[in-house]
Amino acid sequence: MNEITVLDREFSEYITEDEIQSRITAMAEKITEDLKDHDVLFFGILNGSFLFAADIFRQIKLNAQISFIKLASYEGTGSSGKIKELIGWNEDISGKTVVVLEDIVDTGSTLERIIGELTLRKASEVKICTLLFKPDAYTKDIPIDYIGFEIPNSFVVGYGLDYDGYGRNLKSIYKITK
Ligand code: 5GP
């Protein structure tokens, strides 16, 4: 098994580059088939989804658009403490089919926040596509339309996912061992 260290933690290879890429090909084929004749705008959620979004978008055979949004945390002045703000909205999404591209869905809080915003902005239809999904951690009822891999509730890095900012450039996905 391929073992690596990122900062102070050890990880072992869990999903190989080939496995990721062939799953992405299958997901792209399904999305292309499902959404032909739709006016589709893909939204990659930064930072983690940048590689996944680039790889899947290149395999989508539709006349589609892509854009990116980011959830930024900052310290609020009120008693609620940390507030997450969505930044990067430039597009008019009204009447469009939006496909949200996520690297990983864990509890689903991020997803819920994004869906709320898309609904406010009157997208005609919203689909969720995530490379990784942790079913045991998920606490929401929002259906997820396209899932790359269901994984157990443990920490992973690589292929866009970081540990304290590092590990995003790993080609495979690695699972924490200690
Ligand atoms: P959620 O809002 O679904 O609980 O969490 C979503 C965010 O938590 C992801 O976009 C990601 O940034 C982070 N996250 C959740 N699980 C993992 C993981 O196993 N590894 C990494 N690197 N980030 C994770």
# chains A, B, ... in the order shown; residues from 1 in each chain; ligands from 1
$ residues_near_ligand --ligand "ligand 1" --cutoff "8 Å" --atoms "only C-alpha atoms and all ligand atoms" --output "PDB file with C-alpha atoms, in the first residue's frame"
ATOM      1  CA  ILE A  45     -17.199  24.946  -5.252  1.00  0.00           C
ATOM      2  CA  ASN A  47     -11.170  25.370  -3.333  1.00  0.00           C
ATOM      3  CA  GLY A  48     -11.515  21.597  -3.143  1.00  0.00           C
ATOM      4  CA  GLU A 102     -18.503  19.371  -5.033  1.00  0.00           C
ATOM      5  CA  ASP A 103     -15.319  17.549  -4.078  1.00  0.00           C
ATOM      6  CA  ILE A 104     -16.891  15.992  -0.994  1.00  0.00           C
ATOM      7  CA  VAL A 105     -20.205  16.063   0.837  1.00  0.00           C
ATOM      8  CA  ASP A 106     -19.787  15.361   4.536  1.00  0.00           C
ATOM      9  CA  THR A 107     -22.570  16.676   6.842  1.00  0.00           C
ATOM     10  CA  GLY A 108     -24.234  18.478   3.923  1.00  0.00           C
ATOM     11  CA  SER A 109     -24.188  21.936   5.580  1.00  0.00           C
ATOM     12  CA  THR A 110     -22.204  23.488   2.736  1.00  0.00           C
ATOM     13  CA  LEU A 111     -24.586  21.998   0.221  1.00  0.00           C
ATOM     14  CA  GLU A 112     -27.633  23.284   2.085  1.00  0.00           C
ATOM     15  CA  LYS A 134     -19.833  10.255   3.380  1.00  0.00           C
ATOM     16  CA  ALA A 137     -21.938  11.807   8.265  1.00  0.00           C
ATOM     17  CA  TYR A 138     -24.750  13.203   6.095  1.00  0.00           C
ATOM     18  CA  ASN A 153     -16.487   8.682   7.787  1.00  0.00           C
ATOM     19  CA  SER A 154     -12.734   9.273   7.892  1.00  0.00           C
ATOM     20  CA  PHE A 155     -10.505  12.080   6.702  1.00  0.00           C
ATOM     21  CA  VAL A 156      -9.163  12.026   3.132  1.00  0.00           C
ATOM     22  CA  VAL A 157      -6.725  14.199   1.156  1.00  0.00           C
ATOM     23  CA  GLY A 158      -5.574  14.500  -2.432  1.00  0.00           C
ATOM     24  CA  LEU A 161      -8.743  17.965  -1.041  1.00  0.00           C
ATOM     25  CA  ASP A 162      -6.363  19.395   1.534  1.00  0.00           C
ATOM     26  CA  TYR A 163      -5.037  18.855   4.999  1.00  0.00           C
ATOM     27  CA  LYS A 175      -7.188   8.105   3.711  1.00  0.00           C
TER      28      LYS A 175
END
$ residues_around --residues "region 117-129 of chain A" --least-positions-apart "2" --cutoff "9 Å" --atoms "only C-alpha atoms" --output "list in words"
Met27, Leu86, Asp92, Ile93, Ser94, Gly95, Lys96, Thr97, Val98, Val99, Val100, Leu101, Glu102, Asp103, Leu111, Glu112, Arg113, Ile114, Ile115, Leu131, Pro143, Ile144, Asp145, Tyr146, Ile147 and Gly148 of chain A
$ atom_distance --atom1 "CA of Asp18 (chain A)" --atom2 "CA of Glu3 (chain A)"
17.4 Å
$ residues_around --residues "Lys30 (chain A)" --least-positions-apart "5" --cutoff "10 Å" --atoms "only C-alpha atoms" --output "ChimeraX atom specification"
/A:24-25,35,60,146
$ write_last_selection --atoms "N, CA, C and O atoms" --output "PDB file, in the first residue's frame"
ATOM      1  N   ILE A  24     -15.064   9.366 -13.240  1.00  0.00           N
ATOM      2  CA  ILE A  24     -15.428  10.683 -13.782  1.00  0.00           C
ATOM      3  C   ILE A  24     -15.967  10.537 -15.214  1.00  0.00           C
ATOM      4  O   ILE A  24     -16.950  11.181 -15.572  1.00  0.00           O
ATOM      5  N   THR A  25     -15.334   9.681 -16.002  1.00  0.00           N
ATOM      6  CA  THR A  25     -15.811   9.449 -17.376  1.00  0.00           C
ATOM      7  C   THR A  25     -17.256   8.956 -17.350  1.00  0.00           C
ATOM      8  O   THR A  25     -18.111   9.446 -18.094  1.00  0.00           O
ATOM      9  N   LEU A  35     -28.879  15.587 -19.367  1.00  0.00           N
ATOM     10  CA  LEU A  35     -29.126  17.033 -19.500  1.00  0.00           C
ATOM     11  C   LEU A  35     -29.025  17.558 -20.928  1.00  0.00           C
ATOM     12  O   LEU A  35     -28.882  18.768 -21.134  1.00  0.00           O
ATOM     13  N   ILE A  60     -17.774  16.578 -20.521  1.00  0.00           N
ATOM     14  CA  ILE A  60     -19.204  16.827 -20.721  1.00  0.00           C
ATOM     15  C   ILE A  60     -19.411  17.240 -22.187  1.00  0.00           C
ATOM     16  O   ILE A  60     -18.806  18.223 -22.630  1.00  0.00           O
ATOM     17  N   TYR A 146     -25.586  12.802  -8.447  1.00  0.00           N
ATOM     18  CA  TYR A 146     -24.449  12.066  -9.014  1.00  0.00           C
ATOM     19  C   TYR A 146     -23.373  11.931  -7.943  1.00  0.00           C
ATOM     20  O   TYR A 146     -22.895  12.942  -7.406  1.00  0.00           O
TER      21      TYR A 146
END
$ atom_distance --atom1 "CA of Phe57 (chain A)" --atom2 "CA of Glu85 (chain A)"
25.3 Å
$ residues_around --residues "Gln59 (chain A)" --least-positions-apart "3" --cutoff "12 Å" --atoms "only C-alpha atoms" --output "list of chain:residue names"
A:Gln21, A:Ser22, A:Arg23, A:Ile24, A:Thr25, A:Ala26, A:Met27, A:Ala28, A:Glu29, A:Lys30, A:Ile31, A:Thr32, A:Glu33, A:Phe52, A:Ala53, A:Ala54, A:Asp55, A:Ile56, A:Leu62, A:Asn63, A:Ala64
$ closest_residue --among "A:Gly160, A:Ile15, A:Lys61, A:Glu10" --to "Gly44 (chain A)" --atoms "only C-alpha atoms"
A:Gly160
$ atom_distance --atom1 "CA of Lys70 (chain A)" --atom2 "CA of Tyr159 (chain A)"
17.6 Å
